Amino acid sequence: MNVICYKRVSTDDQADRGFSLQHQENMLKQFCQLHNHNVVGIYTEDYSAKDFDRPEWKKIMLFIKRNRGLVNMILCLRWDRYSRNLYDSLTMNKTLAKLGVVVTTIEQPLDLSNPDSKLLLNLYLTLPEIENDKNSIRTTEGSRRARIEGCWTGQAPKGYINYRDDKKSTLRPSPDAPLIVQAFERVATGAYSVDQVRKWLNGQGVPICKQVFLNTIRNPVYIGKIYVKPWKDQPSQISIGLHPPLISEEVFHKANEVLDGKKRNMKFHDDKSDIYPLKGFLKCPVHGTSLTAYACKSHTGKLHHYYLCAQDRCKQRHRVKDVHQSIEDMLSDITISAHTLNLYKSMLERIFDREDHQRKDEITRVKGEITKIESRKTNLDERFLDNEITSQDYHSMKEKVDKDMVHLRVKLNNLMDQKSPYKTYINKTIPMLNNIAEYYRSSNGETKKKILSCIFSEKIVLEKGRVATFSFTTPVRVLIQSVKVLEEGKIKQEVENDLLSCLAPLSVESCNRFSQLCWI
Ligand SMILES: [Zn+2]
C-alpha cells in the first residue's frame with residue numbers, strides 16, 4: 001500500500017501536548033513500518049487554516065491527480081491534524097475516495113465505509129475544539145483569579161519587570177522606574193503637555209508611543225493596584241497588588257486630573273520678558289494702548305531695543321535702556337524703613353489671623369468628612385466580613401470610598417498649604433521691600449513683571465524715556481505715606497493707628513497682590 005504521511009501544526013498547539021512535528025513524524029513512520037506500508041511522501045503543513053486551502057495540502061492533491069492510482073492512503077496522527085471541520089472533512093473524503101484514496105489516522109482509526117463512522121468522526125473533530133475552548137476559559141479564569149489575588153499576569157508595564165515571588169508572578173521596579181516616576185510628577189504639575197512629557201521620556205531612553213503613555217498614566221498598577229477586567233457576570237474591580245507602588249496616590253490622581261482636563265496650570269513662558277520686562281506695563285498717552293517692544297539694527301550692526309506704540313504714525317518710542325534706568329531710579333526712591341516694615345508686618349499677621357477663619361472652618365469641615373469616610377470604610381469592611389454584602393458590591397463600593405478619600409486628602413493638603421504663602425510673604429517678602437530696587441535689579445524678567453504688578457496699579461506713561469505718570473497700588477501707597485508720617489515726627493503709637501486704619505480694609509488686596517510675590 002502506498003501512503004502519504006501528512007503532519008500539521010496549528011497555532012494553538014503546544015509541543016508538550018504530543019503534537020510536535022517530530023513526534024508526529026516518528027509515529028507516522030513507525031506505523032508504516034509496522035504495517036509494511038510504502039511511504040511515497042511526507043508532507044509538513046506549517047500553516048493553520050480551517051479549510052483545505054493550505055499550501056502543502058494542495059501539493060498532495062496535485063501529486064495524487066498526476067499519479068492517479070499510485071496513492072492508496074493518506075495517514076495522519078489524529079483527525080484534527082487532517083481537519084477540524086466535519087463538513088470539509090466529509091467533502092474531502094468523497095473527493096479522495098473518487099481518486100481511490102482513503103484517509104486514516106493512527107490514534108483514531110475509522111472505517112469510513114460504515115455510516116456510523118460519521119458520528120465518531122464528528123466527535124474526533126469537535127473534541128479538540130471543545131478542549132481548546134475549555135483551556136482558554138481556564139486560562140482566563142485563572143489569570144482573573146490571580147489578578148484578584150494581587151498577582152500580575154502578562155508582560156510587565158514600563159517601569160517594572162516581571163518577577164516571581166514565592167511562586168507568585170508579580171512585579172518589581174526596573175532601572176527605568178525613576179524616569180516613570182518623574183514623568184508622572186511632570187504630568188501632575190500640569191505645566192507640560194502630556195506629549196511633551198512623553199517626548200522627554202523618549203529622550204531619556206524610554207521609548208513609548210502616545211497611546212501607551214496615556215494608558216501608563218491611567219494604569220493603577222503604579223499605585224500598587226491591579227485592574228481586573230469584567231468577565232461574564234463579574235464586574236471589573238481593582239485589587240491590591242503584591243508589587244510595590246511607584247507613585248503616590250496623590251500624584252497619580254493629580255496626573256489623571258490633568259489628563260482629564262480638570263486641572264490646568266499651564267505656564268506660558270515669555271522668552272522676551274528678560275529683555276522687555278516692562279512690556280504690558282506701559283501705555284501710550286495718545287492712544288491709550290499698551291506699548292509693544294521691538295529691536296532694530298543700527299547701521300553699525302548693533303541691536304537697539306525700544307518700547308513703542310504700534311499705532312500708525314505714533315511718536316511714542318522709547319529706548320529700553322532709558323526706561324529701565326528710570327524705573328530703577330524710581331524704585332530706589334521707595335525707601336521704607338525697617339521700623340515701618342516691622343509695624344506693617346505685625347499688623348498684617350493680626351489681620352491674616354482674623355480673616356483666616358474661613359479657611360480654618362473649611363479645614364474642620366474636610367477633616368470631619370475624612371473621619372466620616374474612614375468610619376464608612378471600617379463599616380464596609382465589617383459588613384463584608386460578616387457576609388452582608390457580596391464581594392462584587394464590596395469592591396465597587398470600596399473603590400469609590402478610596403477615591404473620595406484621596407480627593408479629600410488632596411483638598412485638605414491644599415487648604416493647609418494656603419497658610420504658607422502669607423507666612424512666606426510676611427517673613428520673606430516684607431523684608432525684601434526694604435530694598436526693593438536692589439531686589440528688582442537682581443531678578444529675572446518674569447520676577448520683575450511680578451514685582452511691577454505689585455507696585456503699580458495702572459499702566460505707566462512715559463515721556464522722553466522717563467516715567468511721567470504712574471499710580472502705586474494701595475499697599476505701597478500706604479507704606480510710603482506711613483514713611484512720610486514718621487518723618488513728620490509723630491509718635492510711634494499714632495503711626496501705628498494710622499497704619500492700622502489704612503491697612504484693615506485692604507488686607508485682602510495686599511494679600512492677593514503680594515502673595516504672588518511669594519511664589520517667586
Ligand atoms: Zn500711540
# chains A, B, ... in the order shown; residues from 1 in each chain; ligands from 1
call {"tool": "residues_near_ligand", "arguments": {"ligand": "ligand 1", "cutoff": "7 Å", "atoms": "only C-alpha atoms and all ligand atoms", "output": "mmCIF file with all heavy atoms, in the first residue's frame"}}
result
data_model
loop_
_atom_site.group_PDB
_atom_site.id
_atom_site.type_symbol
_atom_site.label_atom_id
_atom_site.label_comp_id
_atom_site.auth_asym_id
_atom_site.auth_seq_id
_atom_site.Cartn_x
_atom_site.Cartn_y
_atom_site.Cartn_z
ATOM 1 N N CYS A 284 0.458 104.189 25.824
ATOM 2 C CA CYS A 284 0.613 105.377 25.004
ATOM 3 C C CYS A 284 -0.395 106.411 25.479
ATOM 4 O O CYS A 284 -1.590 106.118 25.563
ATOM 5 C CB CYS A 284 0.359 105.037 23.533
ATOM 6 S SG CYS A 284 0.221 106.501 22.491
ATOM 7 N N PRO A 285 0.060 107.643 25.815
ATOM 8 C CA PRO A 285 -0.872 108.663 26.330
ATOM 9 C C PRO A 285 -1.876 109.116 25.267
ATOM 10 O O PRO A 285 -2.967 109.557 25.591
ATOM 11 C CB PRO A 285 0.051 109.794 26.764
ATOM 12 C CG PRO A 285 1.304 109.595 25.996
ATOM 13 C CD PRO A 285 1.430 108.130 25.739
ATOM 14 N N VAL A 286 -1.503 108.981 24.010
ATOM 15 C CA VAL A 286 -2.387 109.433 22.929
ATOM 16 C C VAL A 286 -3.455 108.379 22.632
ATOM 17 O O VAL A 286 -4.643 108.669 22.575
ATOM 18 C CB VAL A 286 -1.576 109.741 21.648
ATOM 19 C CG1 VAL A 286 -2.498 110.281 20.554
ATOM 20 C CG2 VAL A 286 -0.444 110.704 21.943
ATOM 21 N N HIS A 287 -3.010 107.146 22.448
ATOM 22 C CA HIS A 287 -3.935 106.092 22.017
ATOM 23 C C HIS A 287 -4.472 105.240 23.154
ATOM 24 O O HIS A 287 -5.428 104.498 22.975
ATOM 25 C CB HIS A 287 -3.249 105.196 20.987
ATOM 26 C CG HIS A 287 -2.841 105.944 19.750
ATOM 27 N ND1 HIS A 287 -1.549 106.397 19.546
ATOM 28 C CD2 HIS A 287 -3.568 106.331 18.671
ATOM 29 C CE1 HIS A 287 -1.488 107.027 18.391
ATOM 30 N NE2 HIS A 287 -2.701 107.004 17.832
ATOM 31 N N GLY A 288 -3.833 105.305 24.295
ATOM 32 C CA GLY A 288 -4.288 104.518 25.437
ATOM 33 C C GLY A 288 -3.971 103.043 25.336
ATOM 34 O O GLY A 288 -4.352 102.260 26.210
ATOM 35 N N THR A 289 -3.296 102.666 24.262
ATOM 36 C CA THR A 289 -2.975 101.238 24.100
ATOM 37 C C THR A 289 -1.619 100.915 24.728
ATOM 38 O O THR A 289 -0.808 101.802 24.980
ATOM 39 C CB THR A 289 -2.917 100.869 22.608
ATOM 40 O OG1 THR A 289 -2.110 101.853 21.954
ATOM 41 C CG2 THR A 289 -4.283 100.840 21.986
ATOM 42 N N CYS A 309 4.626 102.566 20.541
ATOM 43 C CA CYS A 309 3.206 102.425 20.272
ATOM 44 C C CYS A 309 3.056 101.870 18.865
ATOM 45 O O CYS A 309 3.689 102.339 17.926
ATOM 46 C CB CYS A 309 2.521 103.785 20.382
ATOM 47 S SG CYS A 309 0.769 103.701 19.973
ATOM 48 N N ALA A 310 2.228 100.855 18.746
ATOM 49 C CA ALA A 310 2.095 100.176 17.452
ATOM 50 C C ALA A 310 1.167 100.927 16.506
ATOM 51 O O ALA A 310 1.035 100.559 15.344
ATOM 52 C CB ALA A 310 1.595 98.760 17.663
ATOM 53 N N GLN A 311 0.486 101.970 17.020
ATOM 54 C CA GLN A 311 -0.444 102.707 16.166
ATOM 55 C C GLN A 311 0.317 103.463 15.073
ATOM 56 O O GLN A 311 1.457 103.885 15.270
ATOM 57 C CB GLN A 311 -1.259 103.713 17.000
ATOM 58 C CG GLN A 311 -2.070 103.091 18.122
ATOM 59 C CD GLN A 311 -3.156 102.176 17.606
ATOM 60 O OE1 GLN A 311 -3.800 102.464 16.602
ATOM 61 N NE2 GLN A 311 -3.335 101.056 18.293
ATOM 62 N N CYS A 314 2.482 106.994 15.285
ATOM 63 C CA CYS A 314 2.537 107.465 16.662
ATOM 64 C C CYS A 314 3.994 107.764 17.000
ATOM 65 O O CYS A 314 4.897 107.062 16.559
ATOM 66 C CB CYS A 314 1.986 106.411 17.617
ATOM 67 S SG CYS A 314 1.949 107.025 19.310
ATOM 68 N N LYS A 315 4.191 108.804 17.756
ATOM 69 C CA LYS A 315 5.575 109.207 18.035
ATOM 70 C C LYS A 315 6.136 108.566 19.297
ATOM 71 O O LYS A 315 7.272 108.813 19.668
ATOM 72 C CB LYS A 315 5.651 110.734 18.139
ATOM 73 C CG LYS A 315 5.450 111.394 16.794
ATOM 74 C CD LYS A 315 5.979 112.834 16.810
ATOM 75 C CE LYS A 315 5.907 113.467 15.442
ATOM 76 N NZ LYS A 315 4.622 114.186 15.220
ATOM 77 N N GLN A 316 5.267 107.762 19.991
ATOM 78 C CA GLN A 316 5.736 107.132 21.216
ATOM 79 C C GLN A 316 6.766 106.056 20.912
ATOM 80 O O GLN A 316 6.440 104.983 20.404
ATOM 81 C CB GLN A 316 4.553 106.511 21.979
ATOM 82 C CG GLN A 316 3.711 107.520 22.721
ATOM 83 C CD GLN A 316 4.386 107.996 24.008
ATOM 84 O OE1 GLN A 316 5.016 107.222 24.702
ATOM 85 N NE2 GLN A 316 4.254 109.280 24.293
#
call {"tool": "atom_distance", "arguments": {"atom1": "CA of Ile363 in chain A", "atom2": "CA of Glu382 in chain A"}}
result
28.7 Å
call {"tool": "residues_around", "arguments": {"residues": "Ser290 in chain A", "least_positions_apart": "2", "cutoff": "6 Å", "atoms": "only C-alpha atoms", "output": "PyMOL selection string"}}
result
chain A and resi 280+282-283
call {"tool": "residues_around", "arguments": {"residues": "Lys449 in chain A", "least_positions_apart": "5", "cutoff": "12 Å", "atoms": "only C-alpha atoms", "output": "ChimeraX atom specification"}}
result
/A:270,272-282,440-441,443-444,454-456,516-517,520
call {"tool": "select_by_dssp", "arguments": {"residues": "range 26-246 of chain A", "states": "strand (DSSP E or B)", "output": "MDAnalysis selection string"}}
result
chainID A and resid 38:45 73:76 102:105 160:165 168:173 225:228 231 234 237:240
call {"tool": "write_last_selection", "arguments": {"atoms": "C-alpha atoms", "output": "short mmCIF file (atom, residue, chain, number, x, y, z; two decimals), in the first residue's frame"}}
result
data_model
loop_
_atom_site.label_atom_id
_atom_site.label_comp_id
_atom_site.auth_asym_id
_atom_site.auth_seq_id
_atom_site.Cartn_x
_atom_site.Cartn_y
_atom_site.Cartn_z
CA ASN A 38 5.27 2.14 1.38
CA VAL A 39 5.72 5.82 2.16
CA VAL A 40 5.58 7.81 -1.09
CA GLY A 41 5.71 11.22 0.53
CA ILE A 42 5.85 13.08 3.83
CA TYR A 43 4.22 16.50 3.85
CA THR A 44 4.55 19.02 6.64
CA GLU A 45 1.96 21.76 6.91
CA MET A 73 -3.85 6.20 1.66
CA ILE A 74 -3.27 9.49 3.45
CA LEU A 75 -2.12 8.91 7.01
CA CYS A 76 -2.36 11.39 9.87
CA VAL A 102 -8.70 6.70 1.92
CA VAL A 103 -7.81 8.81 4.93
CA THR A 104 -6.73 7.03 8.10
CA THR A 105 -5.40 8.15 11.43
CA TYR A 160 8.55 47.38 36.18
CA ILE A 161 9.95 43.96 35.37
CA ASN A 162 8.24 40.60 35.76
CA TYR A 163 9.27 38.82 38.91
CA ARG A 164 8.36 35.60 40.67
CA ASP A 165 8.00 35.87 44.39
CA LYS A 168 3.53 34.08 42.51
CA SER A 169 4.04 36.25 39.46
CA THR A 170 4.38 39.85 40.41
CA LEU A 171 6.45 42.90 39.50
CA ARG A 172 9.41 44.77 40.80
CA PRO A 173 10.75 48.18 39.77
CA LYS A 225 -3.15 48.28 42.42
CA ILE A 226 -4.32 45.93 39.71
CA TYR A 227 -7.21 46.42 37.35
CA VAL A 228 -9.26 43.24 36.87
CA TRP A 231 -15.76 38.83 32.82
CA GLN A 234 -18.40 39.63 37.16
CA GLN A 237 -12.57 45.58 40.01
CA ILE A 238 -9.36 46.93 41.41
CA SER A 239 -7.31 44.73 43.68
CA ILE A 240 -4.32 45.47 45.86
#
call {"tool": "select_by_dssp", "arguments": {"residues": "range 266-479 of chain A", "states": "helix (DSSP H, G or I)", "output": "ChimeraX atom specification"}}
result
/A:271-274,320-333,338-355,357-385,391-417,419-433,436-441,445-455,474-479
